[in-house]
>>> print(open('run.cif').read())   # mmCIF, C-alpha atoms
data_run
loop_
_atom_site.label_atom_id
_atom_site.label_comp_id
_atom_site.auth_asym_id
_atom_site.auth_seq_id
_atom_site.Cartn_x
_atom_site.Cartn_y
_atom_site.Cartn_z
CA ARG A 1 50.34 148.81 130.56
CA SER A 2 52.25 145.64 129.79
CA ALA A 3 51.80 142.59 131.95
CA GLY A 4 54.62 141.62 134.32
CA PRO A 5 56.61 138.43 133.98
CA ALA A 6 54.76 135.21 134.64
CA VAL A 7 55.20 133.87 138.15
CA LYS A 8 56.90 130.48 138.17
CA PRO A 9 55.36 127.74 140.31
CA LEU A 10 57.24 125.95 143.07
CA LEU A 11 58.37 122.43 142.26
CA ARG A 12 56.39 121.03 145.17
CA ASP A 13 53.25 122.51 143.61
CA VAL A 14 53.76 120.91 140.20
CA ALA A 15 54.81 117.50 141.49
CA PRO A 16 51.58 115.46 141.69
CA ARG A 17 51.14 113.55 144.94
CA LEU A 18 51.61 109.94 143.90
CA PRO A 19 49.29 107.35 145.45
CA GLU A 20 52.31 105.16 146.22
CA ASP A 21 54.12 107.98 148.05
CA ARG A 22 54.26 107.35 151.82
CA SER A 23 56.44 110.33 152.72
CA GLN A 24 55.28 112.85 155.32
CA PHE A 25 55.08 116.01 153.24
CA GLY A 26 55.22 114.77 149.66
CA GLU A 27 59.00 114.40 149.52
CA GLY A 28 58.68 111.11 147.64
CA SER A 29 56.54 112.66 144.91
CA ILE A 30 58.95 115.60 144.58
CA ILE A 31 61.87 113.20 144.26
CA SER A 32 60.00 111.29 141.55
CA GLU A 33 59.33 114.52 139.65
CA ILE A 34 63.01 115.43 139.89
CA LEU A 35 64.05 112.01 138.59
CA ARG A 36 61.61 112.39 135.70
CA ARG A 37 63.17 115.70 134.76
CA LEU A 38 66.66 114.22 134.98
CA GLY A 39 65.73 111.18 132.90
CA ILE A 40 66.71 108.75 135.68
CA THR A 41 64.39 105.74 135.57
CA GLY A 42 66.12 103.36 137.96
CA GLY A 43 69.13 102.77 140.12
CA ARG A 44 69.94 102.70 143.81
CA ALA A 45 68.51 104.76 146.65
CA CYS A 46 69.66 105.01 150.26
CA GLU A 47 67.59 106.21 153.20
CA PHE A 48 69.06 106.98 156.63
CA GLY A 49 66.38 107.06 159.31
CA ALA A 50 64.08 104.75 157.39
CA GLY A 51 61.88 103.71 160.30
CA ASP A 52 59.94 100.61 159.29
CA GLY A 53 60.68 101.20 155.61
CA GLU A 54 57.06 102.12 154.91
CA HIS A 55 55.49 104.78 157.14
CA LEU A 56 56.78 108.28 156.25
CA SER A 57 59.46 106.80 153.99
CA ASN A 58 60.98 109.04 151.31
CA SER A 59 62.16 106.13 149.17
CA ALA A 60 59.78 103.20 149.68
CA HIS A 61 57.97 104.10 146.46
CA LEU A 62 61.26 103.81 144.54
CA ARG A 63 61.94 100.39 146.06
CA ASP A 64 58.45 99.27 145.08
CA ALA A 65 59.11 100.50 141.53
CA GLY A 66 62.12 98.21 141.22
CA TRP A 67 64.94 100.36 142.53
CA ALA A 68 67.59 98.86 144.78
CA ALA A 69 67.01 100.55 148.13
CA ASP A 70 69.25 100.46 151.18
CA MET A 71 67.12 101.43 154.18
CA ILE A 72 68.88 101.93 157.50
CA GLU A 73 67.28 102.54 160.90
CA ALA A 74 69.02 102.89 164.27
CA ASP A 75 66.02 101.91 166.40
CA PRO A 76 65.52 98.13 166.33
CA ASP A 77 61.96 98.57 167.58
CA LYS A 78 61.07 100.46 164.38
CA ALA A 79 62.99 98.44 161.82
CA THR A 80 61.13 95.65 160.05
CA GLU A 81 62.11 93.05 157.48
CA GLY A 82 64.13 94.61 154.69
CA VAL A 83 65.43 97.45 156.86
CA TYR A 84 69.02 97.27 158.10
CA ILE A 85 69.53 98.02 161.80
CA GLY A 86 72.51 100.25 162.43
CA VAL A 87 73.69 103.64 163.60
CA VAL A 88 74.54 106.11 160.86
CA ASP A 89 76.78 108.96 161.97
CA PRO A 90 79.70 110.93 160.51
CA ILE A 91 82.07 108.05 161.32
CA THR A 92 80.02 105.17 159.91
CA VAL A 93 78.17 106.82 157.03
CA ASN A 94 80.53 105.68 154.28
CA ALA A 95 80.21 102.08 155.39
CA TRP A 96 76.48 102.32 154.71
CA VAL A 97 76.09 104.40 151.57
CA ASP A 98 76.85 103.01 148.12
CA LEU A 99 78.80 105.39 145.89
CA THR A 100 76.51 104.48 142.99
CA CYS A 101 73.38 105.83 144.72
CA SER A 102 71.31 108.22 142.65
CA VAL A 103 69.12 109.26 145.61
CA VAL A 104 70.08 109.67 149.26
CA SER A 105 67.64 110.69 152.01
CA ILE A 106 69.03 111.74 155.41
CA ASP A 107 66.54 112.02 158.26
CA VAL A 108 68.18 110.97 161.53
CA ASP A 109 66.85 113.75 163.77
CA GLY A 110 70.05 115.53 164.66
CA GLU A 111 73.30 114.73 162.91
CA ASP A 112 71.92 115.11 159.39
CA TYR A 113 74.31 117.94 158.44
CA ALA A 114 77.39 116.21 159.87
CA ILE A 115 76.50 113.01 158.01
CA LEU A 116 76.04 114.98 154.79
CA CYS A 117 79.47 116.58 155.18
CA ALA A 118 81.18 113.27 155.93
CA MET A 119 79.48 111.31 153.15
CA GLY A 120 81.71 110.48 150.19
CA ALA A 121 78.84 109.75 147.81
CA ARG A 122 77.56 112.59 145.66
CA PRO A 123 74.17 111.38 144.35
CA ALA A 124 72.10 113.14 141.74
CA VAL A 125 69.40 113.89 144.35
CA LEU A 126 69.76 114.64 148.06
CA CYS A 127 66.90 115.01 150.54
CA VAL A 128 68.10 116.23 153.95
CA GLU A 129 66.11 117.12 157.04
CA HIS A 130 66.24 120.65 158.43
CA HIS A 131 64.74 121.94 161.67
CA PRO A 132 61.43 123.60 160.73
CA MET A 133 61.37 125.90 163.76
CA ILE A 134 64.48 127.85 162.67
CA PRO A 135 63.76 130.94 160.51
CA ALA A 136 64.91 131.12 156.91
CA HIS A 137 67.52 133.82 157.54
CA VAL A 138 69.35 131.89 160.29
CA SER A 139 72.29 129.63 159.46
CA LEU A 140 72.54 127.28 162.41
CA LEU A 141 74.30 124.00 163.10
CA GLY A 142 72.76 122.78 166.33
CA GLY A 143 74.44 119.39 166.52
CA ALA A 144 72.88 116.09 167.45
CA ASP A 145 70.29 117.61 169.80
CA ILE A 146 68.88 120.25 167.45
CA GLY A 147 69.91 119.55 163.86
CA CYS A 148 70.49 122.24 161.29
CA SER A 149 68.64 125.09 159.65
CA ALA A 150 67.49 125.13 156.04
CA LEU A 151 69.89 127.99 155.30
CA ALA A 152 72.83 125.92 156.51
CA LEU A 153 71.88 123.26 153.97
CA LYS A 154 71.56 125.84 151.20
CA GLU A 155 75.03 127.14 152.05
CA TRP A 156 76.39 123.59 151.91
CA ALA A 157 74.74 123.12 148.52
CA ASP A 158 76.26 126.35 147.18
CA GLU A 159 79.72 125.28 148.33
CA ASN A 160 79.46 121.75 146.92
CA ASP A 161 77.99 122.35 143.45
CA TYR A 162 74.43 121.41 144.39
CA LEU A 163 71.26 123.38 143.75
CA VAL A 164 68.31 123.47 146.15
CA VAL A 165 65.22 122.94 144.00
CA ALA A 166 62.49 122.17 146.54
CA MET A 167 61.68 122.38 150.22
CA THR A 168 58.93 120.92 152.35
CA HIS A 169 58.01 121.57 155.98
CA CYS A 170 61.20 119.91 157.22
CA ASN A 171 63.24 118.69 154.24
CA THR A 172 65.57 120.42 151.80
CA ILE A 173 65.85 118.71 148.41
CA MET A 174 68.77 119.43 146.10
CA VAL A 175 70.32 118.19 142.86
CA LYS A 176 73.77 118.35 141.36
CA GLY A 177 74.45 121.75 139.85
CA ALA A 178 74.93 120.23 136.39
CA PHE A 179 71.17 119.57 136.30
CA ALA A 180 70.15 123.20 136.91
CA SER A 181 68.66 123.71 133.44
CA ALA A 182 66.04 121.02 134.15
CA PHE A 183 64.43 123.42 136.63
CA ASP A 184 64.30 126.61 134.59
CA ASP A 185 60.50 126.54 134.63
CA VAL A 186 60.08 126.48 138.42
CA ASP A 187 60.76 128.95 141.20
CA ILE A 188 63.92 128.02 143.10
CA ASP A 189 64.23 131.21 145.12
CA PHE A 190 65.20 130.06 148.62
CA LEU A 191 62.83 132.37 150.47
CA HIS A 192 59.95 131.39 148.20
CA MET A 193 60.60 127.67 148.71
CA PHE A 194 61.01 127.89 152.49
CA ASP A 195 57.93 126.82 154.46
CA PRO A 196 57.59 129.15 157.49
CA SER A 197 54.72 127.24 159.08
CA GLY A 198 56.96 125.68 161.73
CA VAL A 199 58.95 128.76 162.74
CA THR A 200 58.78 129.40 166.47
CA TRP A 201 60.23 132.33 168.39
CA VAL A 202 60.71 133.74 171.87
CA LEU A 203 59.50 137.27 172.64
CA SER A 204 59.82 139.33 175.79
CA ASN A 205 57.05 141.41 177.33
CA VAL A 206 58.26 144.99 176.94
CA LYS A 207 56.74 145.95 180.30
CA THR A 208 57.58 142.98 182.53
CA GLY A 209 60.55 141.45 180.72
CA ASP A 210 58.95 138.00 180.91
CA TYR A 211 59.62 135.72 177.97
CA GLY A 212 57.06 133.69 176.08
CA ILE A 213 57.18 131.12 173.28
CA HIS A 214 55.21 132.07 170.17
CA GLY A 215 54.40 130.17 167.00
CA PRO A 216 52.99 126.74 166.23
CA TRP A 217 55.25 124.83 168.65
CA PRO A 218 54.63 121.67 166.60
CA PHE A 219 56.47 119.22 168.80
CA GLY A 220 58.53 118.91 171.95
CA ARG A 221 57.86 120.45 175.33
CA ALA A 222 58.63 123.75 176.99
CA VAL A 223 61.42 123.63 179.56
CA GLU A 224 61.44 126.07 182.48
CA LEU A 225 64.78 127.86 182.44
CA PRO A 226 66.00 130.75 184.63
CA TRP A 227 66.29 133.12 181.68
CA ALA A 228 62.77 132.22 180.60
CA MET A 229 61.52 133.44 183.99
CA GLY A 230 63.37 136.75 183.69
CA GLU A 231 66.05 135.75 186.21
CA GLY A 232 69.75 136.27 185.85
CA LEU A 233 69.40 138.89 183.12
CA ASP A 234 71.38 142.09 182.97
CA ARG A 235 68.79 144.74 182.28
CA GLY A 236 71.22 147.66 182.42
#
>>> encode(input="run.cif", output="structure tokens")
Amino acid sequence: RSAGPAVKPLLRDVAPRLPEDRSQFGEGSIISEILRRLGITGGRACEFGAGDGEHLSNSAHLRDAGWAADMIEADPDKATEGVYIGVVDPITVNAWVDLTCSVVSIDVDGEDYAILCAMGARPAVLCVEHHPMIPAHVSLLGGADIGCSALALKEWADENDYLVVAMTHCNTIMVKGAFASAFDDVDIDFLHMFDPSGVTWVLSNVKTGDYGIHGPWPFGRAVELPWAMGEGLDRG
């Protein structure tokens, strides 16, 4: 019996975690591996939702390696020296982002998708936050209060000549479609890349009709709503 085809590794599994990477889930190291494959050794990066420009930053390691880095943070209590204080939204985004950027990271906890759609720049690499509690098969645009699903970002990529090449717990990383051949050796199947560890769901008790939250519930708080208590429901 002949052996089946070799299983390709995920990009996040072949990108070594760099000691200088301060990102939350290895996004910085994945971005560096992508840049290596693309032959991009320097340039400009832009990070929306940069915090203090160090802790959990997706681009601080590029800045430290000599890249020009525009870091923008809306919360003045988080921003430190070297981080611009300002609100990035679909109206203001193009005043902040340089069209020559090779890397753009969008992590503003809400309007990430709207900012992406409004942004005129088309960098080689995009890293955009998705809501980790939304399942892989759901395409959802939840607005400023919820954010977007990973599938919504994949659909945007497909429509705008980008290719999703890696995903972490809460970030979708994509490159321009022209660079697709640089990733022939890794698995870029969407369902394989998607990390389901944050998916949370609501199930009803088939006997009582009461609803309960299931899954890791990694952040936030439960809110008591009438429908969650079984009230106001048409049970036929």
>>> closest_residue(input="run.cif", among="A:Asn171, A:Ser102, A:Ser23, A:Thr208", to="Leu35 of chain A", atoms="only C-alpha atoms")
A:Ser102
>>> atom_distance(input="run.cif", atom1="atom CA of Phe194 of chain A", atom2="atom CA of Thr168 of chain A")
7.3 Å
>>> resolve_selection(input="run.cif", expression="the PyMOL selection byres ((chain A and resi 9-13) around 6)", output="VMD selection string")
chain A and resid 8 14 to 15 166 186 to 187
>>> atom_distance(input="run.cif", atom1="atom CA of Gly42 of chain A", atom2="atom CA of Ala114 of chain A")
27.8 Å
>>> closest_residue(input="run.cif", among="A:Thr200, A:Asn94, A:Ser105, A:Thr172", to="His130 of chain A", atoms="only C-alpha atoms")
A:Thr172
>>> closest_residue(input="run.cif", among="A:Val108, A:Ala50, A:Val93, A:Cys101", to="Ala79 of chain A", atoms="only C-alpha atoms")
A:Ala50
>>> resolve_selection(input="run.cif", expression="the PyMOL selection byres ((chain A and resi 56) around 7)", output="list in words")
Arg22, Ser23, Gln24, Glu54, His55, Ser57 and Asn58 of chain A
>>> write_last_selection(input="run.cif", atoms="C-alpha atoms", output="tab-separated table (two decimals), in the coordinates of the input")
chain	number	residue	atom	x	y	z
A	22	ARG	CA	54.26	107.35	151.82
A	23	SER	CA	56.44	110.33	152.72
A	24	GLN	CA	55.28	112.85	155.32
A	54	GLU	CA	57.06	102.12	154.91
A	55	HIS	CA	55.49	104.78	157.14
A	57	SER	CA	59.46	106.80	153.99
A	58	ASN	CA	60.98	109.04	151.31
>>> atom_distance(input="run.cif", atom1="atom CA of Glu155 of chain A", atom2="atom CA of Leu116 of chain A")
12.5 Å
>>> residues_around(input="run.cif", residues="segment 69-78 of chain A", least_positions_apart="3", cutoff="6 Å", atoms="all atoms listed in the file", output="PyMOL selection string")
chain A and resi 44-52+63+83-87
>>> resolve_selection(input="run.cif", expression="the PyMOL selection byres ((chain A and resi 131-136) around 12)", output="ChimeraX atom specification")
/A:107-113,128-130,137-155,167-172,189-202,213-220
>>> residues_near_point(input="run.cif", point="(78.8, 108.8, 146.6)", cutoff="9 Å", atoms="only C-alpha atoms", output="JSON, numbers by chain")
{"A": [94, 97, 98, 99, 100, 101, 102, 119, 120, 121, 122, 123]}
>>> write_last_selection(input="run.cif", atoms="C-alpha atoms", output="compact mmCIF listing (two decimals), in the coordinates of the input")
# COMPACT_ATOMS: atom_id res chain seq x y z
CA ASN A 94 80.53 105.68 154.28
CA VAL A 97 76.09 104.40 151.57
CA ASP A 98 76.85 103.01 148.12
CA LEU A 99 78.80 105.39 145.89
CA THR A 100 76.51 104.48 142.99
CA CYS A 101 73.38 105.83 144.72
CA SER A 102 71.31 108.22 142.65
CA MET A 119 79.48 111.31 153.15
CA GLY A 120 81.71 110.48 150.19
CA ALA A 121 78.84 109.75 147.81
CA ARG A 122 77.56 112.59 145.66
CA PRO A 123 74.17 111.38 144.35
>>> closest_residue(input="run.cif", among="A:Leu38, A:Val104, A:Leu126, A:Val88", to="Ala68 of chain A", atoms="only C-alpha atoms")
A:Val104
>>> build_atoms(input="run.cif", residues="segment 115-132 of chain A", atoms="N, CA, C and O atoms", output="tab-separated table (two decimals), keeping the file's coordinate frame")
chain	number	residue	atom	x	y	z
A	115	ILE	N	76.48	114.20	158.88
A	115	ILE	CA	76.50	113.01	158.01
A	115	ILE	C	76.67	113.44	156.56
A	115	ILE	O	77.46	112.85	155.81
A	116	LEU	N	75.94	114.46	156.16
A	116	LEU	CA	76.04	114.98	154.79
A	116	LEU	C	77.48	115.39	154.49
A	116	LEU	O	78.02	115.06	153.42
A	117	CYS	N	78.11	116.11	155.40
A	117	CYS	CA	79.47	116.58	155.18
A	117	CYS	C	80.48	115.43	155.11
A	117	CYS	O	81.46	115.50	154.36
A	118	ALA	N	80.24	114.38	155.88
A	118	ALA	CA	81.18	113.27	155.93
A	118	ALA	C	80.98	112.26	154.81
A	118	ALA	O	81.86	111.45	154.52
A	119	MET	N	79.83	112.30	154.16
A	119	MET	CA	79.48	111.31	153.15
A	119	MET	C	80.29	111.50	151.88
A	119	MET	O	80.37	112.59	151.32
A	120	GLY	N	80.91	110.42	151.41
A	120	GLY	CA	81.71	110.48	150.19
A	120	GLY	C	80.88	110.45	148.93
A	120	GLY	O	81.29	110.99	147.90
A	121	ALA	N	79.71	109.83	148.99
A	121	ALA	CA	78.84	109.75	147.81
A	121	ALA	C	78.30	111.12	147.45
A	121	ALA	O	78.02	111.94	148.31
A	122	ARG	N	78.16	111.35	146.16
A	122	ARG	CA	77.56	112.59	145.66
A	122	ARG	C	76.45	112.21	144.67
A	122	ARG	O	76.61	112.24	143.47
A	123	PRO	N	75.28	111.84	145.19
A	123	PRO	CA	74.17	111.38	144.35
A	123	PRO	C	73.56	112.51	143.54
A	123	PRO	O	73.77	113.69	143.83
A	124	ALA	N	72.79	112.14	142.55
A	124	ALA	CA	72.10	113.14	141.74
A	124	ALA	C	71.11	113.93	142.58
A	124	ALA	O	70.93	115.14	142.39
A	125	VAL	N	70.45	113.27	143.54
A	125	VAL	CA	69.40	113.89	144.35
A	125	VAL	C	69.68	113.65	145.83
A	125	VAL	O	69.96	112.52	146.24
A	126	LEU	N	69.60	114.72	146.61
A	126	LEU	CA	69.76	114.64	148.06
A	126	LEU	C	68.52	115.22	148.73
A	126	LEU	O	68.03	116.28	148.33
A	127	CYS	N	68.02	114.52	149.73
A	127	CYS	CA	66.90	115.01	150.54
A	127	CYS	C	67.38	114.97	151.99
A	127	CYS	O	67.65	113.89	152.53
A	128	VAL	N	67.51	116.15	152.61
A	128	VAL	CA	68.10	116.23	153.95
A	128	VAL	C	67.17	117.01	154.88
A	128	VAL	O	66.65	118.07	154.52
A	129	GLU	N	67.00	116.48	156.07
A	129	GLU	CA	66.11	117.12	157.04
A	129	GLU	C	66.70	118.41	157.59
A	129	GLU	O	67.88	118.48	157.92
A	130	HIS	N	65.86	119.44	157.70
A	130	HIS	CA	66.24	120.65	158.43
A	130	HIS	C	65.23	120.87	159.56
A	130	HIS	O	64.13	120.33	159.55
A	131	HIS	N	65.63	121.68	160.54
A	131	HIS	CA	64.74	121.94	161.67
A	131	HIS	C	63.72	123.00	161.26
A	131	HIS	O	64.09	124.14	160.95
A	132	PRO	N	62.44	122.67	161.26
A	132	PRO	CA	61.43	123.60	160.73
A	132	PRO	C	61.14	124.80	161.63
A	132	PRO	O	60.46	125.74	161.20
